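Trainee: To be precise about what I am sending: the file is called coords-v2.pdb and holds PDB, C-alpha atoms.
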```pdb
ATOM      1  CA  MET A   1      47.190 -48.928 134.219
ATOM      2  CA  GLU A   2      47.548 -45.721 132.278
ATOM      3  CA  ASN A   3      50.208 -44.489 134.656
ATOM      4  CA  PHE A   4      51.989 -47.836 134.545
ATOM      5  CA  ASP A   5      51.960 -47.884 130.760
ATOM      6  CA  SER A   6      53.231 -44.310 130.706
ATOM      7  CA  GLU A   7      56.078 -45.130 133.095
ATOM      8  CA  LYS A   8      56.902 -48.267 131.116
ATOM      9  CA  GLU A   9      57.039 -46.246 127.909
ATOM     10  CA  GLN A  10      59.275 -43.687 129.569
ATOM     11  CA  LEU A  11      61.593 -46.446 130.813
ATOM     12  CA  GLU A  12      61.805 -47.928 127.344
ATOM     13  CA  GLN A  13      62.577 -44.489 125.914
ATOM     14  CA  ILE A  14      65.338 -43.969 128.480
ATOM     15  CA  LYS A  15      66.823 -47.406 127.778
ATOM     16  CA  SER A  16      66.710 -46.712 124.059
ATOM     17  CA  TRP A  17      68.348 -43.299 124.517
ATOM     18  CA  LEU A  18      71.082 -44.803 126.694
ATOM     19  CA  LYS A  19      71.690 -47.516 124.105
ATOM     20  CA  GLU A  20      72.168 -44.851 121.442
ATOM     21  CA  ASN A  21      74.036 -42.306 123.549
ATOM     22  CA  GLY A  22      75.580 -44.314 126.369
ATOM     23  CA  LEU A  23      78.997 -44.531 124.705
ATOM     24  CA  SER A  24      79.078 -40.750 124.300
ATOM     25  CA  ILE A  25      78.257 -40.301 127.978
ATOM     26  CA  VAL A  26      80.980 -42.703 129.055
ATOM     27  CA  LEU A  27      83.487 -41.082 126.757
ATOM     28  CA  GLY A  28      82.470 -37.680 128.073
ATOM     29  CA  ILE A  29      83.035 -38.819 131.643
ATOM     30  CA  VAL A  30      86.385 -40.380 130.764
ATOM     31  CA  LEU A  31      87.496 -37.337 128.830
ATOM     32  CA  GLY A  32      86.266 -35.106 131.613
ATOM     33  CA  LEU A  33      88.229 -37.007 134.209
ATOM     34  CA  GLY A  34      91.187 -37.067 131.860
ATOM     35  CA  GLY A  35      90.876 -33.307 131.585
ATOM     36  CA  VAL A  36      90.918 -32.943 135.344
ATOM     37  CA  TYR A  37      93.870 -35.213 135.866
ATOM     38  CA  GLY A  38      95.529 -33.908 132.718
ATOM     39  CA  TRP A  39      95.186 -30.351 134.029
ATOM     40  CA  ARG A  40      96.655 -31.377 137.364
ATOM     41  CA  GLY A  41      99.519 -33.074 135.565
ATOM     42  CA  TRP A  42     100.074 -30.009 133.431
ATOM     43  CA  GLN A  43     100.068 -27.789 136.492
ATOM     44  CA  SER A  44     102.618 -30.049 138.152
ATOM     45  CA  HIS A  45     104.718 -29.953 134.998
ATOM     46  CA  LYS A  46     104.601 -26.159 134.981
ATOM     47  CA  VAL A  47     105.797 -26.057 138.576
ATOM     48  CA  ASP A  48     108.700 -28.349 137.722
ATOM     49  CA  VAL A  49     109.640 -26.220 134.722
ATOM     50  CA  ALA A  50     109.391 -23.019 136.749
ATOM     51  CA  GLU A  51     111.677 -24.492 139.396
ATOM     52  CA  GLU A  52     114.155 -25.470 136.689
ATOM     53  CA  TYR A  53     114.079 -21.979 135.187
ATOM     54  CA  SER A  54     114.434 -20.428 138.618
ATOM     55  CA  ALA A  55     117.486 -22.569 139.361
ATOM     56  CA  SER A  56     119.051 -21.636 136.021
ATOM     57  CA  LEU A  57     118.444 -17.952 136.686
ATOM     58  CA  ALA A  58     119.937 -18.204 140.180
ATOM     59  CA  SER A  59     123.002 -19.910 138.758
ATOM     60  CA  ALA A  60     123.492 -17.219 136.112
ATOM     61  CA  GLU A  61     123.098 -14.484 138.729
ATOM     62  CA  LEU A  62     125.600 -16.210 141.015
ATOM     63  CA  HIS A  63     128.172 -16.284 138.216
ATOM     64  CA  LEU A  64     127.445 -12.631 137.612
ATOM     65  CA  GLU A  65     128.059 -11.774 141.259
ATOM     66  CA  LYS A  66     131.390 -13.575 141.057
ATOM     67  CA  ALA A  67     132.265 -11.688 137.849
ATOM     68  CA  ASN A  68     132.228 -14.940 135.870
ATOM     69  CA  TYR A  69     130.717 -13.015 132.991
ATOM     70  CA  LYS A  70     131.280 -15.589 130.270
ATOM     71  CA  GLN A  71     129.543 -18.395 132.162
ATOM     72  CA  ALA A  72     126.781 -16.063 133.318
ATOM     73  CA  ALA A  73     126.111 -15.082 129.707
ATOM     74  CA  VAL A  74     126.117 -18.711 128.536
ATOM     75  CA  GLU A  75     123.551 -19.721 131.134
ATOM     76  CA  ALA A  76     121.419 -16.606 130.671
ATOM     77  CA  ARG A  77     121.299 -17.083 126.892
ATOM     78  CA  GLN A  78     120.310 -20.735 127.275
ATOM     79  CA  LEU A  79     117.583 -19.774 129.723
ATOM     80  CA  LEU A  80     116.390 -17.130 127.283
ATOM     81  CA  VAL A  81     116.005 -19.753 124.562
ATOM     82  CA  ASP A  82     114.362 -22.313 126.839
ATOM     83  CA  SER A  83     111.937 -19.930 128.544
ATOM     84  CA  GLU A  84     111.045 -17.536 125.714
ATOM     85  CA  GLY A  85     107.653 -15.984 126.313
ATOM     86  CA  THR A  86     107.888 -16.231 130.096
ATOM     87  CA  ILE A  87     109.029 -13.896 132.857
ATOM     88  CA  TYR A  88     112.262 -15.887 133.092
ATOM     89  CA  ALA A  89     113.194 -14.853 129.571
ATOM     90  CA  ASP A  90     112.750 -11.220 130.594
ATOM     91  CA  LEU A  91     114.904 -11.757 133.671
ATOM     92  CA  SER A  92     117.593 -13.463 131.618
ATOM     93  CA  ARG A  93     117.740 -10.390 129.372
ATOM     94  CA  LEU A  94     118.287  -8.204 132.430
ATOM     95  CA  VAL A  95     121.099 -10.503 133.567
ATOM     96  CA  LEU A  96     122.723 -10.336 130.133
ATOM     97  CA  ALA A  97     122.491  -6.541 130.065
ATOM     98  CA  ARG A  98     123.946  -6.163 133.558
ATOM     99  CA  GLY A  99     126.871  -8.412 132.711
ATOM    100  CA  GLU A 100     127.724  -6.356 129.627
ATOM    101  CA  VAL A 101     127.441  -3.082 131.540
ATOM    102  CA  GLU A 102     129.783  -4.310 134.253
ATOM    103  CA  GLN A 103     132.299  -5.132 131.556
ATOM    104  CA  GLY A 104     131.907  -1.687 130.027
ATOM    105  CA  LYS A 105     130.260  -3.058 126.882
ATOM    106  CA  LEU A 106     127.417  -0.572 126.662
ATOM    107  CA  GLY A 107     126.535  -1.289 123.052
ATOM    108  CA  ALA A 108     126.147  -5.000 123.765
ATOM    109  CA  ALA A 109     124.150  -4.259 126.914
ATOM    110  CA  ALA A 110     121.611  -2.231 124.956
ATOM    111  CA  GLU A 111     120.439  -5.136 122.789
ATOM    112  CA  PRO A 112     118.655  -7.304 125.405
ATOM    113  CA  LEU A 113     117.172  -4.169 126.971
ATOM    114  CA  GLN A 114     115.809  -2.997 123.621
ATOM    115  CA  ALA A 115     113.925  -6.280 123.318
ATOM    116  CA  LEU A 116     112.266  -5.635 126.689
ATOM    117  CA  VAL A 117     111.499  -2.032 125.785
ATOM    118  CA  ALA A 118     109.789  -3.234 122.613
ATOM    119  CA  ASP A 119     107.597  -5.606 124.644
ATOM    120  CA  LYS A 120     104.981  -3.273 126.117
ATOM    121  CA  GLU A 121     103.381  -6.176 127.993
ATOM    122  CA  SER A 122     106.514  -7.093 129.931
ATOM    123  CA  VAL A 123     106.372  -6.318 133.647
ATOM    124  CA  PHE A 124     109.985  -5.201 133.278
ATOM    125  CA  ASN A 125     109.296  -2.731 130.487
ATOM    126  CA  THR A 126     109.839   0.361 132.652
ATOM    127  CA  VAL A 127     112.915  -1.128 134.344
ATOM    128  CA  ALA A 128     114.384  -1.860 130.921
ATOM    129  CA  ARG A 129     113.619   1.682 129.752
ATOM    130  CA  ILE A 130     115.386   3.119 132.792
ATOM    131  CA  ARG A 131     118.463   0.963 132.323
ATOM    132  CA  LEU A 132     118.585   1.612 128.589
ATOM    133  CA  ALA A 133     118.221   5.344 129.221
ATOM    134  CA  GLN A 134     121.191   5.166 131.598
ATOM    135  CA  ILE A 135     123.236   3.528 128.854
ATOM    136  CA  TYR A 136     122.211   6.176 126.322
ATOM    137  CA  ILE A 137     123.130   8.939 128.764
ATOM    138  CA  ALA A 138     126.551   7.360 129.252
ATOM    139  CA  GLN A 139     126.894   7.325 125.452
ATOM    140  CA  SER A 140     125.731  10.979 125.245
ATOM    141  CA  LYS A 141     122.654   9.899 123.295
ATOM    142  CA  PHE A 142     120.453  12.327 125.167
ATOM    143  CA  ASP A 143     117.568  12.491 122.693
ATOM    144  CA  GLU A 144     117.220   8.704 122.684
ATOM    145  CA  ALA A 145     117.313   8.641 126.480
ATOM    146  CA  GLU A 146     114.682  11.371 126.733
ATOM    147  CA  LYS A 147     112.278   9.417 124.529
ATOM    148  CA  LEU A 148     112.508   6.481 126.901
ATOM    149  CA  ILE A 149     111.806   8.404 130.100
ATOM    150  CA  THR A 150     108.878  10.391 128.721
ATOM    151  CA  GLN A 151     106.798   7.278 128.086
ATOM    152  CA  GLU A 152     104.039   6.371 130.510
ATOM    153  CA  ALA A 153     105.186   4.706 133.728
ATOM    154  CA  ASP A 154     103.939   3.848 137.194
ATOM    155  CA  ASN A 155     104.171   6.703 139.696
ATOM    156  CA  ALA A 156     106.593   4.655 141.783
ATOM    157  CA  TYR A 157     109.227   5.270 139.107
ATOM    158  CA  ALA A 158     108.685   9.036 139.023
ATOM    159  CA  PRO A 159     111.695   9.964 141.219
ATOM    160  CA  VAL A 160     114.063   7.802 139.147
ATOM    161  CA  LEU A 161     112.742   9.167 135.879
ATOM    162  CA  GLU A 162     113.141  12.738 137.109
ATOM    163  CA  GLU A 163     116.702  12.002 138.194
ATOM    164  CA  LEU A 164     117.419  10.672 134.712
ATOM    165  CA  ARG A 165     115.874  13.814 133.273
ATOM    166  CA  GLY A 166     118.352  15.764 135.384
ATOM    167  CA  ASP A 167     121.216  13.631 134.054
ATOM    168  CA  ILE A 168     120.078  14.315 130.497
ATOM    169  CA  GLU A 169     119.859  18.068 131.029
ATOM    170  CA  LEU A 170     123.223  18.066 132.787
ATOM    171  CA  GLY A 171     124.755  16.261 129.830
ATOM    172  CA  ARG A 172     123.277  18.865 127.515
ATOM    173  CA  GLY A 173     124.732  21.657 129.613
ATOM    174  CA  GLU A 174     121.293  22.854 130.728
ATOM    175  CA  TYR A 175     122.297  23.324 134.350
ATOM    176  CA  GLY A 176     119.184  25.137 135.532
ATOM    177  CA  ALA A 177     116.927  22.451 134.090
ATOM    178  CA  ALA A 178     119.163  19.744 135.547
ATOM    179  CA  ARG A 179     119.009  21.231 139.038
ATOM    180  CA  ALA A 180     115.223  21.636 138.795
ATOM    181  CA  ALA A 181     114.808  18.007 137.743
ATOM    182  CA  TYR A 182     116.983  16.755 140.591
ATOM    183  CA  LEU A 183     115.058  18.838 143.113
ATOM    184  CA  ASN A 184     111.799  17.519 141.696
ATOM    185  CA  ALA A 185     113.121  13.976 142.017
ATOM    186  CA  ILE A 186     113.732  14.567 145.722
ATOM    187  CA  SER A 187     110.272  16.029 146.189
ATOM    188  CA  LEU A 188     108.713  12.971 144.534
ATOM    189  CA  ALA A 189     110.690  10.467 146.575
ATOM    190  CA  THR A 190     109.184   8.709 149.563
ATOM    191  CA  ALA A 191     109.900  10.008 153.046
ATOM    192  CA  ASP A 192     112.278   7.137 153.837
ATOM    193  CA  ALA A 193     114.270   7.434 150.584
ATOM    194  CA  ASP A 194     118.023   7.959 150.801
ATOM    195  CA  ASN A 195     118.693  11.053 148.690
ATOM    196  CA  LYS A 196     122.336  11.585 149.670
ATOM    197  CA  PHE A 197     123.711  10.723 146.236
ATOM    198  CA  LEU A 198     121.043  12.811 144.549
ATOM    199  CA  GLN A 199     121.916  15.749 146.790
ATOM    200  CA  MET A 200     125.554  15.315 145.792
ATOM    201  CA  LYS A 201     124.458  15.619 142.167
ATOM    202  CA  ILE A 202     122.599  18.832 142.950
ATOM    203  CA  ASP A 203     125.604  20.291 144.759
ATOM    204  CA  ALA A 204     127.843  19.412 141.828
ATOM    205  CA  VAL A 205     125.677  21.118 139.197
ATOM    206  CA  PRO A 206     127.441  24.269 137.939
ATOM    207  CA  ALA A 207     125.592  27.506 138.485
ATOM    208  CA  ALA A 208     123.282  28.333 135.604
ATOM    209  CA  GLU A 209     124.344  31.328 133.559
TER     210      GLU A 209
END
```
Could you write out this structure as structure tokens?
Mentor:
Amino acid sequence: MENFDSEKEQLEQIKSWLKENGLSIVLGIVLGLGGVYGWRGWQSHKVDVAEEYSASLASAELHLEKANYKQAAVEARQLLVDSEGTIYADLSRLVLARGEVEQGKLGAAAEPLQALVADKESVFNTVARIRLAQIYIAQSKFDEAEKLITQEADNAYAPVLEELRGDIELGRGEYGAARAAYLNAISLATADADNKFLQMKIDAVPAAE
């Protein structure tokens, strides 16, 4: 009897607890399921948005390839607004910069690249620094270019950065330093790299005095 009474008391306690907390349990289950399905819906939404951004980027790049610079810029700027904070915004800035460079508008090209350079978390930070450095070299802003290439970067970019260093020194008239940088760029390049253009640069460097 003692065991029966104990079990009966336990059952009554459980029933009482469920009466007091049952609604919370049900709500928790509903909210939990809603979270699962809500997360799946959100993931699906993100895929749809990513596909939309990707299509917009492809369209802007296609216009760029066809030298439809005005339309490429319109679409890239709209994508930049719509996708701010994502990788597509970074890519749209690169498209904008390339379009301006191809039109010879170096000053305008620098602006979207500067935004990427300022964002240290962007996966395109080093690419933007390289492209901005190229613009500064073309504008004879050698000190500004040098600051960009001396910042930390992945070793994969080492040959390009050394080549830019050579361009900077060549622009300054430091021919010995330019030649040394170009040679170093070749030594850092992978075995299958095509260094023909770089070798042409070396051959064209005037003899150091």
Trainee: Counting only C-alpha atoms, select every polymer residue within 8 Å of (120.4, 19.3, 136.7) as defined in the file's coordinates, and provide the selection as a PyMOL selection string.
Mentor: chain A and resi 165-170+174-182+201-202+205
Trainee: For His63 of chain A, which residue out of A:Met200, A:Leu96, A:Leu80, A:Gly85 is the nearest one, using all atoms listed in the file?
Mentor: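 The closest residue to His63 of chain A is A:Leu96.
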Trainee: Between atom CA of Val160 of chain A and atom CA of Ala193 of chain A, what is the spacing in Å?
Mentor: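 Atom CA of Ala193 of chain A sits 11.4 Å away from atom CA of Val160 of chain A.
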Trainee: List every residue of segment 130-165 of chain A that has an atom at most 12 Å from any atom of segment 105-117 of chain A, giving for each one its closest atom pair and the distance in Å to one decimal, counting all atoms listed in the file, sorted by chain and then by ascending residue number, as JSON lines.
Mentor:
```
{"residue": "A:Ile130", "atom": "CA", "partner": "A:Leu113", "partner_atom": "CA", "distance": 9.5}
{"residue": "A:Arg131", "atom": "CA", "partner": "A:Leu113", "partner_atom": "CA", "distance": 7.5}
{"residue": "A:Leu132", "atom": "CA", "partner": "A:Ala110", "partner_atom": "CA", "distance": 6.1}
{"residue": "A:Ala133", "atom": "CA", "partner": "A:Ala110", "partner_atom": "CA", "distance": 9.3}
{"residue": "A:Gln134", "atom": "CA", "partner": "A:Leu106", "partner_atom": "CA", "distance": 9.8}
{"residue": "A:Ile135", "atom": "CA", "partner": "A:Leu106", "partner_atom": "CA", "distance": 6.3}
{"residue": "A:Tyr136", "atom": "CA", "partner": "A:Leu106", "partner_atom": "CA", "distance": 8.5}
{"residue": "A:Ile137", "atom": "CA", "partner": "A:Leu106", "partner_atom": "CA", "distance": 10.6}
{"residue": "A:Ala138", "atom": "CA", "partner": "A:Leu106", "partner_atom": "CA", "distance": 8.4}
{"residue": "A:Gln139", "atom": "CA", "partner": "A:Leu106", "partner_atom": "CA", "distance": 8.0}
{"residue": "A:Ser140", "atom": "CA", "partner": "A:Leu106", "partner_atom": "CA", "distance": 11.8}
{"residue": "A:Lys141", "atom": "CA", "partner": "A:Gly107", "partner_atom": "CA", "distance": 11.8}
{"residue": "A:Glu144", "atom": "CA", "partner": "A:Gln114", "partner_atom": "CA", "distance": 11.8}
{"residue": "A:Ala145", "atom": "CA", "partner": "A:Ala110", "partner_atom": "CA", "distance": 11.8}
{"residue": "A:Lys147", "atom": "CA", "partner": "A:Val117", "partner_atom": "CA", "distance": 11.5}
{"residue": "A:Leu148", "atom": "CA", "partner": "A:Val117", "partner_atom": "CA", "distance": 8.6}
{"residue": "A:Ile149", "atom": "CA", "partner": "A:Val117", "partner_atom": "CA", "distance": 11.3}
{"residue": "A:Gln151", "atom": "CA", "partner": "A:Val117", "partner_atom": "CA", "distance": 10.7}
```
Trainee: Please produce a file of those selected residues containing C-alpha atoms, as an mmCIF file, in the frame of the given file.
Mentor:
```
data_model
loop_
_atom_site.group_PDB
_atom_site.id
_atom_site.type_symbol
_atom_site.label_atom_id
_atom_site.label_comp_id
_atom_site.auth_asym_id
_atom_site.auth_seq_id
_atom_site.Cartn_x
_atom_site.Cartn_y
_atom_site.Cartn_z
ATOM 1 C CA ILE A 130 115.386 3.119 132.792
ATOM 2 C CA ARG A 131 118.463 0.963 132.323
ATOM 3 C CA LEU A 132 118.585 1.612 128.589
ATOM 4 C CA ALA A 133 118.221 5.344 129.221
ATOM 5 C CA GLN A 134 121.191 5.166 131.598
ATOM 6 C CA ILE A 135 123.236 3.528 128.854
ATOM 7 C CA TYR A 136 122.211 6.176 126.322
ATOM 8 C CA ILE A 137 123.130 8.939 128.764
ATOM 9 C CA ALA A 138 126.551 7.360 129.252
ATOM 10 C CA GLN A 139 126.894 7.325 125.452
ATOM 11 C CA SER A 140 125.731 10.979 125.245
ATOM 12 C CA LYS A 141 122.654 9.899 123.295
ATOM 13 C CA GLU A 144 117.220 8.704 122.684
ATOM 14 C CA ALA A 145 117.313 8.641 126.480
ATOM 15 C CA LYS A 147 112.278 9.417 124.529
ATOM 16 C CA LEU A 148 112.508 6.481 126.901
ATOM 17 C CA ILE A 149 111.806 8.404 130.100
ATOM 18 C CA GLN A 151 106.798 7.278 128.086
#
```
Trainee: What is the atom CA of Gly173 of chain A-atom CA of Asp143 of chain A distance in Å, reported with one decimal?
Mentor: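 Between these atoms lies a distance of 13.5 Å.
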Trainee: State, in Å with one decimal place, the distance from atom CA of Tyr69 of chain A to atom CA of Leu164 of chain A.
Mentor: 27.2 Å
Trainee: Counting all atoms listed in the file, which residue out of A:Leu62, A:Gly99, A:Ser54, A:Phe142 sits closest to Leu79 of chain A?
Mentor: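 Smallest distance to Leu79 of chain A is found for A:Ser54.
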Trainee: From the list A:Asp192, A:Asp82, A:Asp154, A:Glu146, which residue is nearest Gly171 of chain A when using only C-alpha atoms?
Mentor: A:Glu146
Trainee: Could you tell me which residues the PyMOL selection byres ((chain A and resi 89) around 12) grabs in this file, written as a ChimeraX atom specification?
Mentor: /A:50,53-54,56-57,75-88,90-96,112-113,115-116,119,122-124
Trainee: For those residues, write C-alpha atoms to a file as a compact mmCIF listing (two decimals), keeping the file's coordinate frame.
Mentor:
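Output file out30.txt is given in full below:
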```txt
# COMPACT_ATOMS: atom_id res chain seq x y z
CA ALA A 50 109.39 -23.02 136.75
CA TYR A 53 114.08 -21.98 135.19
CA SER A 54 114.43 -20.43 138.62
CA SER A 56 119.05 -21.64 136.02
CA LEU A 57 118.44 -17.95 136.69
CA GLU A 75 123.55 -19.72 131.13
CA ALA A 76 121.42 -16.61 130.67
CA ARG A 77 121.30 -17.08 126.89
CA GLN A 78 120.31 -20.74 127.28
CA LEU A 79 117.58 -19.77 129.72
CA LEU A 80 116.39 -17.13 127.28
CA VAL A 81 116.00 -19.75 124.56
CA ASP A 82 114.36 -22.31 126.84
CA SER A 83 111.94 -19.93 128.54
CA GLU A 84 111.04 -17.54 125.71
CA GLY A 85 107.65 -15.98 126.31
CA THR A 86 107.89 -16.23 130.10
CA ILE A 87 109.03 -13.90 132.86
CA TYR A 88 112.26 -15.89 133.09
CA ASP A 90 112.75 -11.22 130.59
CA LEU A 91 114.90 -11.76 133.67
CA SER A 92 117.59 -13.46 131.62
CA ARG A 93 117.74 -10.39 129.37
CA LEU A 94 118.29 -8.20 132.43
CA VAL A 95 121.10 -10.50 133.57
CA LEU A 96 122.72 -10.34 130.13
CA PRO A 112 118.66 -7.30 125.40
CA LEU A 113 117.17 -4.17 126.97
CA ALA A 115 113.92 -6.28 123.32
CA LEU A 116 112.27 -5.64 126.69
CA ASP A 119 107.60 -5.61 124.64
CA SER A 122 106.51 -7.09 129.93
CA VAL A 123 106.37 -6.32 133.65
CA PHE A 124 109.98 -5.20 133.28
```
Trainee: Which of these, A:Ala60, A:Ala191, A:Ala73, A:Ala153, has the shortest distance to Lys120 of chain A once you count all atoms listed in the file?
Mentor: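 Using all atoms listed in the file, the shortest distance to Lys120 of chain A belongs to A:Ala153.
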Trainee: Find the spatial neighbours of Ile186 of chain A, counting all atoms listed in the file, within a cut-off of 9 Å - ignore same-chain residues fewer than 6 positions away - and output them as a list in words.
Mentor: Pro159, Glu162, Glu163, Ala193, Asn195, Leu198 and Gln199 of chain A
Trainee: Using all atoms listed in the file for the distances, tell me which of A:Ala189, A:Val74, A:Ala67, A:Ala128 is nearest to Ala97 of chain A.
Mentor: A:Ala128
